[in-house]
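This is target_17.pdb (PDB, C-alpha atoms, pLDDT in the B column).
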```pdb
ATOM      1  CA  MET A 711       7.851   2.694 -15.235  1.00 97.00           C
ATOM      2  CA  ARG A 712       5.554   5.687 -15.786  1.00 98.00           C
ATOM      3  CA  PHE A 713       2.670   7.331 -13.951  1.00 98.00           C
ATOM      4  CA  SER A 714       0.208  10.217 -14.120  1.00 98.00           C
ATOM      5  CA  VAL A 715      -2.134  11.693 -11.524  1.00 98.00           C
ATOM      6  CA  LEU A 716      -5.327  11.899 -13.591  1.00 98.00           C
ATOM      7  CA  GLY A 717      -6.917  14.190 -11.013  1.00 98.00           C
ATOM      8  CA  SER A 718      -6.770  14.791  -7.276  1.00 98.00           C
ATOM      9  CA  GLY A 719      -9.083  16.595  -4.883  1.00 97.00           C
ATOM     10  CA  SER A 720     -12.479  16.409  -3.191  1.00 94.00           C
ATOM     11  CA  LYS A 721     -14.325  16.105  -6.534  1.00 95.00           C
ATOM     12  CA  GLY A 722     -12.422  13.052  -7.715  1.00 98.00           C
ATOM     13  CA  ASN A 723      -9.160  11.102  -7.532  1.00 98.00           C
ATOM     14  CA  SER A 724      -7.416   8.660  -9.845  1.00 98.00           C
ATOM     15  CA  VAL A 725      -3.822   7.700 -10.651  1.00 98.00           C
ATOM     16  CA  TYR A 726      -2.528   5.754 -13.657  1.00 98.00           C
ATOM     17  CA  LEU A 727       0.677   3.670 -13.435  1.00 98.00           C
ATOM     18  CA  GLU A 728       2.329   1.435 -16.010  1.00 98.00           C
ATOM     19  CA  SER A 729       5.337  -0.735 -16.687  1.00 98.00           C
ATOM     20  CA  GLY A 730       5.945  -2.968 -19.677  1.00 96.00           C
ATOM     21  CA  THR A 731       2.560  -4.163 -20.928  1.00 95.00           C
ATOM     22  CA  THR A 732       0.755  -3.567 -17.610  1.00 98.00           C
ATOM     23  CA  GLY A 733      -1.302  -0.518 -16.668  1.00 98.00           C
ATOM     24  CA  ILE A 734      -3.304  -0.062 -13.457  1.00 98.00           C
ATOM     25  CA  LEU A 735      -5.437   2.585 -11.790  1.00 98.00           C
ATOM     26  CA  ILE A 736      -5.447   3.546  -8.142  1.00 99.00           C
ATOM     27  CA  ASP A 737      -8.961   4.813  -7.397  1.00 98.00           C
ATOM     28  CA  ALA A 738     -11.631   5.867  -9.871  1.00 98.00           C
ATOM     29  CA  GLY A 739     -13.364   8.893  -8.402  1.00 98.00           C
ATOM     30  CA  PHE A 740     -14.556  10.316 -11.722  1.00 98.00           C
ATOM     31  CA  SER A 741     -17.169   9.058 -14.159  1.00 98.00           C
ATOM     32  CA  GLY A 742     -16.077   6.400 -16.603  1.00 97.00           C
ATOM     33  CA  LYS A 743     -16.337   8.929 -19.412  1.00 97.00           C
ATOM     34  CA  GLU A 744     -14.122  11.422 -17.573  1.00 98.00           C
ATOM     35  CA  ILE A 745     -11.500   8.818 -16.686  1.00 98.00           C
ATOM     36  CA  SER A 746     -11.414   7.799 -20.341  1.00 98.00           C
ATOM     37  CA  ARG A 747     -11.003  11.438 -21.391  1.00 98.00           C
ATOM     38  CA  ARG A 748      -8.132  12.010 -18.981  1.00 98.00           C
ATOM     39  CA  LEU A 749      -6.379   8.820 -20.041  1.00 98.00           C
ATOM     40  CA  LYS A 750      -6.681   9.967 -23.636  1.00 98.00           C
ATOM     41  CA  SER A 751      -4.961  13.244 -22.686  1.00 98.00           C
ATOM     42  CA  ILE A 752      -1.831  11.197 -21.851  1.00 98.00           C
ATOM     43  CA  ASP A 753      -2.278   8.973 -24.921  1.00 98.00           C
ATOM     44  CA  ARG A 754      -3.691   6.011 -22.995  1.00 98.00           C
ATOM     45  CA  ASP A 755      -7.146   4.426 -22.732  1.00 96.00           C
ATOM     46  CA  LEU A 756      -9.114   2.000 -20.595  1.00 97.00           C
ATOM     47  CA  THR A 757      -7.942  -0.955 -22.693  1.00 94.00           C
ATOM     48  CA  ASN A 758      -4.519  -0.344 -21.100  1.00 91.00           C
ATOM     49  CA  ILE A 759      -5.911  -1.080 -17.613  1.00 98.00           C
ATOM     50  CA  SER A 760      -5.255  -4.519 -16.109  1.00 98.00           C
ATOM     51  CA  ALA A 761      -6.561  -3.767 -12.597  1.00 98.00           C
ATOM     52  CA  LEU A 762      -8.149  -1.094 -10.413  1.00 98.00           C
ATOM     53  CA  PHE A 763      -7.045  -0.730  -6.779  1.00 99.00           C
ATOM     54  CA  LEU A 764      -9.184   1.150  -4.232  1.00 98.00           C
ATOM     55  CA  THR A 765      -7.806   3.040  -1.230  1.00 98.00           C
ATOM     56  CA  HIS A 766     -11.130   3.488   0.581  1.00 98.00           C
ATOM     57  CA  GLU A 767     -14.867   3.839   0.012  1.00 98.00           C
ATOM     58  CA  HIS A 768     -15.450   7.610  -0.211  1.00 98.00           C
ATOM     59  CA  GLY A 769     -17.221   8.675  -3.386  1.00 98.00           C
ATOM     60  CA  ASP A 770     -14.389  10.859  -4.649  1.00 98.00           C
ATOM     61  CA  HIS A 771     -12.317   7.661  -4.891  1.00 98.00           C
ATOM     62  CA  ILE A 772     -14.815   5.051  -6.130  1.00 98.00           C
ATOM     63  CA  SER A 773     -17.666   6.759  -8.019  1.00 98.00           C
ATOM     64  CA  GLY A 774     -16.567   5.458 -11.433  1.00 98.00           C
ATOM     65  CA  ALA A 775     -15.157   2.122 -10.299  1.00 98.00           C
ATOM     66  CA  GLY A 776     -18.197  -0.071 -10.878  1.00 98.00           C
ATOM     67  CA  VAL A 777     -18.919   1.358 -14.317  1.00 98.00           C
ATOM     68  CA  ILE A 778     -15.426   0.938 -15.746  1.00 98.00           C
ATOM     69  CA  SER A 779     -15.091  -2.517 -14.175  1.00 98.00           C
ATOM     70  CA  ARG A 780     -18.281  -3.738 -15.853  1.00 98.00           C
ATOM     71  CA  LYS A 781     -17.880  -2.000 -19.199  1.00 97.00           C
ATOM     72  CA  CYS A 782     -14.155  -2.672 -19.662  1.00 98.00           C
ATOM     73  CA  SER A 783     -13.796  -6.019 -17.849  1.00 98.00           C
ATOM     74  CA  ILE A 784     -11.397  -4.599 -15.254  1.00 98.00           C
ATOM     75  CA  PRO A 785     -10.920  -6.518 -11.986  1.00 98.00           C
ATOM     76  CA  VAL A 786     -11.218  -4.435  -8.815  1.00 98.00           C
ATOM     77  CA  TYR A 787      -8.923  -4.935  -5.807  1.00 98.00           C
ATOM     78  CA  ALA A 788      -9.754  -3.727  -2.278  1.00 98.00           C
ATOM     79  CA  ASN A 789      -9.654  -4.985   1.292  1.00 98.00           C
ATOM     80  CA  SER A 790     -12.694  -6.536   2.950  1.00 98.00           C
ATOM     81  CA  GLY A 791     -13.567  -3.408   4.922  1.00 98.00           C
ATOM     82  CA  THR A 792     -13.709  -1.242   1.826  1.00 98.00           C
ATOM     83  CA  PHE A 793     -15.681  -3.792  -0.195  1.00 98.00           C
ATOM     84  CA  ALA A 794     -18.206  -4.271   2.610  1.00 98.00           C
ATOM     85  CA  VAL A 795     -19.041  -0.573   2.914  1.00 98.00           C
ATOM     86  CA  ALA A 796     -18.786   0.222  -0.815  1.00 98.00           C
ATOM     87  CA  GLU A 797     -20.759  -2.777  -2.076  1.00 97.00           C
ATOM     88  CA  THR A 798     -23.996  -0.929  -2.882  1.00 96.00           C
ATOM     89  CA  ARG A 799     -22.262   1.945  -4.618  1.00 97.00           C
ATOM     90  CA  LEU A 800     -19.924  -0.266  -6.626  1.00 98.00           C
ATOM     91  CA  GLY A 801     -22.664  -2.602  -7.816  1.00 97.00           C
ATOM     92  CA  LYS A 802     -21.757  -5.761  -9.684  1.00 97.00           C
ATOM     93  CA  LEU A 803     -18.084  -5.900 -10.673  1.00 98.00           C
ATOM     94  CA  PHE A 804     -16.369  -7.758 -13.503  1.00 98.00           C
ATOM     95  CA  ALA A 805     -14.186  -9.382 -10.847  1.00 98.00           C
ATOM     96  CA  LYS A 806     -13.820  -8.701  -7.124  1.00 98.00           C
ATOM     97  CA  ASN A 807     -10.373  -9.413  -5.653  1.00 98.00           C
ATOM     98  CA  GLU A 808      -9.992  -9.023  -1.917  1.00 98.00           C
ATOM     99  CA  PHE A 809      -6.640  -8.456  -0.224  1.00 98.00           C
ATOM    100  CA  GLU A 810      -5.491  -8.143   3.370  1.00 98.00           C
ATOM    101  CA  THR A 811      -4.048  -4.765   4.283  1.00 98.00           C
ATOM    102  CA  GLY A 812      -0.283  -5.147   4.095  1.00 98.00           C
ATOM    103  CA  ASP A 813      -0.371  -7.692   1.269  1.00 98.00           C
ATOM    104  CA  THR A 814       1.793  -7.438  -1.846  1.00 98.00           C
ATOM    105  CA  LEU A 815       0.004  -8.396  -5.063  1.00 98.00           C
ATOM    106  CA  LYS A 816       1.488  -9.036  -8.505  1.00 98.00           C
ATOM    107  CA  VAL A 817      -0.379  -7.735 -11.538  1.00 98.00           C
ATOM    108  CA  GLY A 818       1.536  -8.346 -14.742  1.00 98.00           C
ATOM    109  CA  ASP A 819       4.772  -6.363 -14.603  1.00 98.00           C
ATOM    110  CA  LEU A 820       3.812  -4.503 -11.408  1.00 98.00           C
ATOM    111  CA  ARG A 821       3.808  -5.317  -7.701  1.00 98.00           C
ATOM    112  CA  VAL A 822       1.362  -3.453  -5.490  1.00 98.00           C
ATOM    113  CA  ARG A 823       1.794  -3.333  -1.714  1.00 98.00           C
ATOM    114  CA  SER A 824      -0.874  -1.833   0.539  1.00 98.00           C
ATOM    115  CA  PHE A 825      -0.282  -0.181   3.903  1.00 98.00           C
ATOM    116  CA  ARG A 826      -2.593   1.189   6.567  1.00 98.00           C
ATOM    117  CA  ILE A 827      -3.292   4.927   6.786  1.00 98.00           C
ATOM    118  CA  SER A 828      -5.552   6.957   9.126  1.00 97.00           C
ATOM    119  CA  HIS A 829      -8.871   8.212   7.745  1.00 97.00           C
ATOM    120  CA  ASP A 830     -12.519   8.095   8.832  1.00 97.00           C
ATOM    121  CA  THR A 831     -13.371   5.062   6.702  1.00 98.00           C
ATOM    122  CA  ALA A 832     -13.551   1.297   7.230  1.00 97.00           C
ATOM    123  CA  ASP A 833      -9.951   0.282   6.443  1.00 98.00           C
ATOM    124  CA  PRO A 834      -8.161   2.954   4.366  1.00 98.00           C
ATOM    125  CA  VAL A 835      -4.846   2.181   2.678  1.00 98.00           C
ATOM    126  CA  GLY A 836      -2.056   3.706   0.682  1.00 98.00           C
ATOM    127  CA  PHE A 837      -0.010   1.830  -1.914  1.00 98.00           C
ATOM    128  CA  VAL A 838       3.547   1.383  -3.086  1.00 98.00           C
ATOM    129  CA  VAL A 839       3.688   0.270  -6.731  1.00 98.00           C
ATOM    130  CA  SER A 840       6.931  -1.132  -8.126  1.00 98.00           C
ATOM    131  CA  ASP A 841       8.225  -2.750 -11.295  1.00 98.00           C
ATOM    132  CA  GLY A 842      11.366  -4.036  -9.580  1.00 97.00           C
ATOM    133  CA  ASN A 843      13.471  -1.063 -10.695  1.00 97.00           C
ATOM    134  CA  PHE A 844      11.409   1.952  -9.618  1.00 98.00           C
ATOM    135  CA  SER A 845       8.610   2.499  -7.111  1.00 98.00           C
ATOM    136  CA  VAL A 846       5.823   5.043  -6.635  1.00 98.00           C
ATOM    137  CA  GLY A 847       4.250   5.683  -3.226  1.00 98.00           C
ATOM    138  CA  TYR A 848       0.646   6.898  -3.017  1.00 98.00           C
ATOM    139  CA  CYS A 849      -0.555   8.351   0.294  1.00 98.00           C
ATOM    140  CA  THR A 850      -3.515  10.718   0.519  1.00 98.00           C
ATOM    141  CA  ASP A 851      -6.554  10.915   2.821  1.00 98.00           C
ATOM    142  CA  THR A 852      -4.650  10.390   6.039  1.00 98.00           C
ATOM    143  CA  GLY A 853      -4.903  12.557   9.121  1.00 97.00           C
ATOM    144  CA  LYS A 854      -1.534  11.577  10.504  1.00 97.00           C
ATOM    145  CA  VAL A 855       1.784  10.136   9.413  1.00 96.00           C
ATOM    146  CA  SER A 856       2.703   6.919  11.202  1.00 97.00           C
ATOM    147  CA  HIS A 857       6.072   5.174  11.469  1.00 97.00           C
ATOM    148  CA  LEU A 858       4.657   2.507   9.160  1.00 97.00           C
ATOM    149  CA  ILE A 859       3.824   5.064   6.464  1.00 98.00           C
ATOM    150  CA  GLY A 860       7.319   6.480   6.796  1.00 97.00           C
ATOM    151  CA  ARG A 861       8.890   3.044   6.352  1.00 97.00           C
ATOM    152  CA  ARG A 862       6.790   2.178   3.318  1.00 97.00           C
ATOM    153  CA  LEU A 863       7.540   5.451   1.511  1.00 97.00           C
ATOM    154  CA  ALA A 864      11.180   5.807   2.551  1.00 96.00           C
ATOM    155  CA  ASP A 865      12.749   4.257  -0.547  1.00 94.00           C
ATOM    156  CA  CYS A 866      10.283   5.369  -3.223  1.00 97.00           C
ATOM    157  CA  ASP A 867      11.502   7.040  -6.415  1.00 97.00           C
ATOM    158  CA  ALA A 868       8.288   9.084  -6.587  1.00 98.00           C
ATOM    159  CA  ILE A 869       5.744  10.047  -3.948  1.00 98.00           C
ATOM    160  CA  ILE A 870       2.178  11.272  -4.363  1.00 98.00           C
ATOM    161  CA  LEU A 871       1.466  12.868  -0.983  1.00 98.00           C
ATOM    162  CA  GLU A 872      -1.452  14.741   0.519  1.00 98.00           C
ATOM    163  CA  PHE A 873      -1.156  18.505   0.993  1.00 98.00           C
ATOM    164  CA  ASN A 874      -4.840  19.062   1.746  1.00 98.00           C
ATOM    165  CA  HIS A 875      -5.230  22.400   3.483  1.00 98.00           C
ATOM    166  CA  ASN A 876      -3.600  25.587   4.679  1.00 98.00           C
ATOM    167  CA  LEU A 877      -4.293  25.890   8.401  1.00 98.00           C
ATOM    168  CA  GLN A 878      -5.172  29.593   8.304  1.00 98.00           C
ATOM    169  CA  MET A 879      -7.476  29.205   5.308  1.00 98.00           C
ATOM    170  CA  LEU A 880      -9.267  26.348   7.049  1.00 98.00           C
ATOM    171  CA  LYS A 881      -9.609  28.301  10.301  1.00 97.00           C
ATOM    172  CA  ASN A 882     -10.893  31.477   8.593  1.00 97.00           C
ATOM    173  CA  GLY A 883     -12.890  29.795   5.824  1.00 97.00           C
ATOM    174  CA  PRO A 884     -16.546  28.785   5.419  1.00 97.00           C
ATOM    175  CA  TYR A 885     -16.352  25.326   7.011  1.00 98.00           C
ATOM    176  CA  PRO A 886     -18.360  25.014  10.253  1.00 97.00           C
ATOM    177  CA  LEU A 887     -16.318  24.134  13.333  1.00 97.00           C
ATOM    178  CA  PRO A 888     -17.286  20.419  13.415  1.00 97.00           C
ATOM    179  CA  LEU A 889     -16.111  20.008   9.807  1.00 97.00           C
ATOM    180  CA  GLN A 890     -12.892  21.910  10.556  1.00 98.00           C
ATOM    181  CA  GLN A 891     -12.274  19.563  13.462  1.00 98.00           C
ATOM    182  CA  ARG A 892     -12.905  16.542  11.266  1.00 97.00           C
ATOM    183  CA  VAL A 893     -10.439  17.775   8.626  1.00 97.00           C
ATOM    184  CA  ARG A 894      -7.747  18.498  11.232  1.00 97.00           C
ATOM    185  CA  SER A 895      -8.246  15.289  13.219  1.00 97.00           C
ATOM    186  CA  SER A 896      -5.952  12.264  13.143  1.00 97.00           C
ATOM    187  CA  ARG A 897      -8.513  10.593  10.849  1.00 97.00           C
ATOM    188  CA  GLY A 898      -8.917  13.596   8.554  1.00 97.00           C
ATOM    189  CA  HIS A 899      -6.385  15.147   6.172  1.00 98.00           C
ATOM    190  CA  LEU A 900      -2.780  16.335   6.266  1.00 98.00           C
ATOM    191  CA  SER A 901      -2.182  20.083   6.228  1.00 98.00           C
ATOM    192  CA  ASN A 902       0.444  21.695   4.006  1.00 98.00           C
ATOM    193  CA  GLU A 903       2.697  21.987   7.039  1.00 97.00           C
ATOM    194  CA  ASP A 904       2.300  18.320   8.003  1.00 97.00           C
ATOM    195  CA  GLY A 905       2.846  17.150   4.456  1.00 97.00           C
ATOM    196  CA  ALA A 906       5.906  19.352   4.015  1.00 96.00           C
ATOM    197  CA  GLN A 907       7.549  18.162   7.217  1.00 95.00           C
ATOM    198  CA  PHE A 908       6.954  14.539   6.292  1.00 96.00           C
ATOM    199  CA  LEU A 909       8.282  15.135   2.784  1.00 95.00           C
ATOM    200  CA  ALA A 910      11.427  16.716   4.229  1.00 93.00           C
ATOM    201  CA  ASN A 911      12.048  13.506   6.166  1.00 92.00           C
ATOM    202  CA  LEU A 912      11.739  11.465   2.963  1.00 91.00           C
ATOM    203  CA  MET A 913      14.050  13.548   0.816  1.00 89.00           C
ATOM    204  CA  GLY A 914      17.116  11.747  -0.438  1.00 82.00           C
ATOM    205  CA  GLU A 915      19.026  10.865  -3.553  1.00 81.00           C
ATOM    206  CA  GLN A 916      16.466   8.245  -4.535  1.00 92.00           C
ATOM    207  CA  LEU A 917      13.452  10.612  -4.633  1.00 95.00           C
ATOM    208  CA  GLN A 918      13.074  11.896  -8.194  1.00 96.00           C
ATOM    209  CA  ILE A 919       9.470  13.193  -8.194  1.00 96.00           C
ATOM    210  CA  ALA A 920       7.249  14.586  -5.421  1.00 96.00           C
ATOM    211  CA  VAL A 921       3.604  15.247  -6.284  1.00 98.00           C
ATOM    212  CA  LEU A 922       1.557  17.375  -3.884  1.00 98.00           C
ATOM    213  CA  ALA A 923      -1.970  15.988  -4.037  1.00 98.00           C
ATOM    214  CA  HIS A 924      -5.567  16.152  -2.775  1.00 98.00           C
ATOM    215  CA  LEU A 925      -5.507  19.952  -2.350  1.00 98.00           C
ATOM    216  CA  SER A 926      -8.738  21.440  -1.005  1.00 98.00           C
ATOM    217  CA  GLU A 927     -10.319  23.890  -3.426  1.00 96.00           C
ATOM    218  CA  THR A 928     -11.788  25.794  -0.457  1.00 97.00           C
ATOM    219  CA  ASN A 929      -8.920  25.740   2.030  1.00 98.00           C
ATOM    220  CA  ASN A 930      -5.764  25.698  -0.069  1.00 98.00           C
ATOM    221  CA  THR A 931      -4.094  26.920  -3.240  1.00 98.00           C
ATOM    222  CA  PRO A 932      -1.357  25.329  -5.375  1.00 97.00           C
ATOM    223  CA  GLU A 933       0.882  28.290  -4.552  1.00 97.00           C
ATOM    224  CA  LEU A 934       0.511  27.850  -0.782  1.00 98.00           C
ATOM    225  CA  ALA A 935       1.125  24.107  -0.982  1.00 98.00           C
ATOM    226  CA  LYS A 936       4.250  24.589  -3.051  1.00 95.00           C
ATOM    227  CA  VAL A 937       5.598  27.355  -0.785  1.00 96.00           C
ATOM    228  CA  ALA A 938       5.111  25.091   2.252  1.00 96.00           C
ATOM    229  CA  ALA A 939       7.193  22.365   0.604  1.00 95.00           C
ATOM    230  CA  LEU A 940       9.882  24.805  -0.540  1.00 93.00           C
ATOM    231  CA  ASP A 941      10.111  26.365   2.925  1.00 91.00           C
ATOM    232  CA  VAL A 942      10.912  23.052   4.605  1.00 85.00           C
ATOM    233  CA  VAL A 943      13.002  21.306   1.963  1.00 80.00           C
ATOM    234  CA  SER A 944      16.196  23.205   1.275  1.00 71.00           C
ATOM    235  CA  ASP A 945      17.485  21.257  -1.721  1.00 72.00           C
ATOM    236  CA  TRP A 946      15.164  20.428  -4.622  1.00 80.00           C
ATOM    237  CA  GLU A 947      17.988  20.058  -7.120  1.00 79.00           C
ATOM    238  CA  GLU A 948      17.481  16.318  -7.620  1.00 82.00           C
ATOM    239  CA  THR A 949      13.702  16.165  -7.134  1.00 91.00           C
ATOM    240  CA  ALA A 950      10.936  17.492  -9.384  1.00 93.00           C
ATOM    241  CA  LEU A 951       8.179  19.212  -7.375  1.00 94.00           C
ATOM    242  CA  VAL A 952       4.724  18.994  -8.969  1.00 96.00           C
ATOM    243  CA  VAL A 953       1.238  20.022  -7.819  1.00 98.00           C
ATOM    244  CA  ALA A 954      -1.610  17.741  -8.936  1.00 98.00           C
ATOM    245  CA  HIS A 955      -4.829  19.447 -10.016  1.00 97.00           C
ATOM    246  CA  GLN A 956      -8.496  18.575  -9.765  1.00 97.00           C
ATOM    247  CA  ASP A 957      -9.434  19.368 -13.342  1.00 97.00           C
ATOM    248  CA  CYS A 958      -6.695  17.791 -15.468  1.00 98.00           C
ATOM    249  CA  ALA A 959      -4.107  15.045 -15.567  1.00 98.00           C
ATOM    250  CA  THR A 960      -0.433  15.625 -14.938  1.00 98.00           C
ATOM    251  CA  GLN A 961       2.051  14.666 -17.597  1.00 98.00           C
ATOM    252  CA  LEU A 962       3.044  11.024 -17.880  1.00 98.00           C
ATOM    253  CA  PHE A 963       6.145  10.946 -15.679  1.00 98.00           C
ATOM    254  CA  SER A 964       9.103   8.637 -16.217  1.00 97.00           C
ATOM    255  CA  PHE A 965      12.326   8.149 -14.255  1.00 97.00           C
ATOM    256  CA  ARG A 966      16.017   8.797 -14.711  1.00 92.00           C
ATOM    257  CA  CYS A 967      18.160   5.706 -14.898  1.00 90.00           C
ATOM    258  CA  LYS A 968      19.760   4.769 -11.595  1.00 73.00           C
TER     259      LYS A 968
END
```

Give the structure from the file, written as structure tokens.
Amino acid sequence: MRFSVLGSGSKGNSVYLESGTTGILIDAGFSGKEISRRLKSIDRDLTNISALFLTHEHGDHISGAGVISRKCSIPVYANSGTFAVAETRLGKLFAKNEFETGDTLKVGDLRVRSFRISHDTADPVGFVVSDGNFSVGYCTDTGKVSHLIGRRLADCDAIILEFNHNLQMLKNGPYPLPLQQRVRSSRGHLSNEDGAQFLANLMGEQLQIAVLAHLSETNNTPELAKVAALDVVSDWEETALVVAHQDCATQLFSFRCK
């Protein structure tokens, strides 16, 4: 199993995952042309994609979804709440596949399980994607960490987790107070401190890769996010710590044999 964060942040989000002959995307928050370019940077293309899964309806997660679905005959998977709100923006899709939050779906060599998160959208979800040997947990755009989220991510071999903002940068930055309150709310975004504490609880022998994701360009820096994680987690010997960027894809990660 392999994966790459094609880009992560307020200007666009997308993750590529593969196993065997199956490749999928989680979210498509860039133009179709840009997603294609980023896939090419990891030696993949849209013909590798068997399905597109959506976490929620915000534009930085769905703006390219309709285009690549229509042009490349890619089925789109989302829950009813997300489809209902995103319908106009998505337009006509090659295929629309609705799931219930909490369902596990099989797409080729991959199994994709959704779980509820907390964000100011209709029915936002995270995902755990597995090929039966390894699993990747994806959890961004949540304002709090629930027991359910903890259970779903507890046994993952890799985690892509939100480290959205530094609290002091948010407080002293240009955002007006109502927007600051929205970001910090239980339906907003995790701070570096919140993400780091949650990550510390998930650390174990099974966790090989931790990707810090959805960093705010205004209220955070890669250095601050990484320091927050390093401050809380004492032993990174067995786990690779990576910061996802807005403007480029990460490498195509693979796993050590168990």

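Among the candidates A:Leu863, A:Ser828, A:Val838, A:Ile869, the residue lying nearest to A:Ser895 is A:Ser828 (atoms considered: only C-alpha atoms).
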
* When the PyMOL selection byres ((chain A and resi 731) around 12) is applied to the file above, which residues end up in the set, as a PyMOL selection string? -> chain A and resi 711-712+727-730+732-734+757-760+817-820+841

Since we have the selection now, will you write its residues out, keeping C-alpha atoms, as a compact mmCIF listing (two decimals), in the coordinates of the input?
```txt
# COMPACT_ATOMS: atom_id res chain seq x y z
CA MET A 711 7.85 2.69 -15.24
CA ARG A 712 5.55 5.69 -15.79
CA LEU A 727 0.68 3.67 -13.44
CA GLU A 728 2.33 1.44 -16.01
CA SER A 729 5.34 -0.74 -16.69
CA GLY A 730 5.94 -2.97 -19.68
CA THR A 732 0.76 -3.57 -17.61
CA GLY A 733 -1.30 -0.52 -16.67
CA ILE A 734 -3.30 -0.06 -13.46
CA THR A 757 -7.94 -0.96 -22.69
CA ASN A 758 -4.52 -0.34 -21.10
CA ILE A 759 -5.91 -1.08 -17.61
CA SER A 760 -5.26 -4.52 -16.11
CA VAL A 817 -0.38 -7.74 -11.54
CA GLY A 818 1.54 -8.35 -14.74
CA ASP A 819 4.77 -6.36 -14.60
CA LEU A 820 3.81 -4.50 -11.41
CA ASP A 841 8.22 -2.75 -11.30
```

* Asked: Quick one: of A:Asp770, A:Phe763, A:Lys881, A:Pro886, who's nearest to A:Gly717, counting all atoms listed in the file?
  ->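 Checking each of A:Asp770, A:Phe763, A:Lys881, A:Pro886 against A:Gly717, counting all atoms listed in the file, the winner is A:Asp770.
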
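Picked out by the PyMOL selection byres ((chain A and resi 943) around 9) when it runs on this file: Ala906, Gln907, Leu909, Ala910, Asn911, Met913, Ala938, Ala939, Leu940, Asp941, Val942, Ser944, Asp945 and Trp946 of chain A.
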
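Distance annotation: of A:Ser964, A:Ser724, A:Thr831, A:Thr850, the residue with the minimal separation from A:Ala794 is A:Thr831; atom set is only C-alpha atoms.
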
* For stretch 774-779 of chain A, please output as a ChimeraX atom specification all residues within 9 Å (counting all atoms listed in the file; exclusion window: fewer than 2 positions along the same chain). => /A:737-745,756,761-762,764,769-772,781-786,799-805

* Select all residues near (3.2, 3.0, 2.0) (cut-off 6 Å, inclusive, file coordinates), counting only C-alpha atoms, and output them as a list in words. =>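 Counting only C-alpha atoms, I find these residues within 6 Å of (3.2, 3.0, 2.0): Phe825, Gly836, Phe837, Val838, Gly847, Ile859, Arg862 and Leu863 of chain A.
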
* To do: For the file shown, report as a ChimeraX atom specification the outcome of the PyMOL selection byres ((chain A and resi 752) around 8) at residue level.
  => /A:748-751,753-754,959,961-962

Would you tabulate, counting only C-alpha atoms, all residues of stretch 711-775 of chain A that have an atom at most 10 Å from an atom of stretch 927-930 of chain A, showing the closest pair of atoms and their distance in Å to one decimal, sorted by chain then ascending number, as CSV?
```
residue,atom,partner,partner_atom,distance
A:Gly719,CA,A:Glu927,CA,7.5
A:Ser720,CA,A:Glu927,CA,7.8
A:Lys721,CA,A:Glu927,CA,9.3
```

Atoms to include: C-alpha atoms. Write the selected residues as a compact mmCIF listing (two decimals), in the frame of the given file.
```txt
# COMPACT_ATOMS: atom_id res chain seq x y z
CA GLY A 719 -9.08 16.60 -4.88
CA SER A 720 -12.48 16.41 -3.19
CA LYS A 721 -14.32 16.10 -6.53
```

* Could you give me, as number ranges by chain, the residues within 9 Å of A:Ala868, counting all atoms listed in the file and dropping anything in the same chain fewer than 5 positions from it? => A: 844-848, 863, 916-921, 949, 965

* To do: Would you mind listing what lies within 10 Å of A:Leu815 as a list of chain:residue names, with all atoms listed in the file counted and same-chain residues fewer than 4 positions away left out?
  => A:Tyr787, A:Phe809, A:Leu820, A:Arg821, A:Val822, A:Arg823, A:Ser824, A:Val839

* Out of A:Glu903, A:Glu872, A:Glu808, A:Asp830, which residue has the shortest atom-to-atom distance to A:Val937 when counting all atoms listed in the file? ->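 Comparing A:Glu903, A:Glu872, A:Glu808, A:Asp830 against A:Val937, the winner is A:Glu903.
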
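Between atom CA of A:Glu767 and atom CA of A:Arg897 the separation is 14.3 Å.
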
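Separating atom CA of A:Glu797 from atom CA of A:Leu925 is a distance of 27.4 Å.
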
* Structure fact -> Min atom-atom distance to A:Gly722 from the set A:Gln891, A:Asn882, A:Ser790, A:Ser926, counting only C-alpha atoms, belongs to A:Ser926

* Asked: Quick one: of A:Arg780, A:His766, A:Pro884, A:Phe873, who's nearest to A:Ala832, counting all atoms listed in the file?
  ->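 For A:Ala832, the nearest of the given residues is A:His766.
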
* **Distance of atom CA of A:Phe908 from atom CA of A:Gln890, expressed in Å to one decimal place** =>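 Taking atom CA of A:Gln890 as the start and atom CA of A:Phe908 as the end point, the length is 21.6 Å.
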
Assuming the input is short of atoms at stretch 864-870 of chain A, produce N, CA and C atoms for that part as a compact mmCIF listing (two decimals), in the frame of the given file.
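Below is the file that was written, result_1.txt:
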```txt
# COMPACT_ATOMS: atom_id res chain seq x y z
N ALA A 864 9.80 5.33 2.39
CA ALA A 864 11.18 5.81 2.55
C ALA A 864 12.05 5.62 1.32
N ASP A 865 11.86 4.55 0.58
CA ASP A 865 12.75 4.26 -0.55
C ASP A 865 12.10 4.45 -1.91
N CYS A 866 10.99 5.18 -1.95
CA CYS A 866 10.28 5.37 -3.22
C CYS A 866 11.03 6.36 -4.13
N ASP A 867 10.92 6.13 -5.42
CA ASP A 867 11.50 7.04 -6.42
C ASP A 867 10.56 8.21 -6.72
N ALA A 868 9.28 8.01 -6.46
CA ALA A 868 8.29 9.08 -6.59
C ALA A 868 7.26 8.93 -5.47
N ILE A 869 6.75 10.05 -5.01
CA ILE A 869 5.74 10.05 -3.95
C ILE A 869 4.60 10.97 -4.34
N ILE A 870 3.40 10.46 -4.20
CA ILE A 870 2.18 11.27 -4.36
C ILE A 870 1.61 11.43 -2.96
```
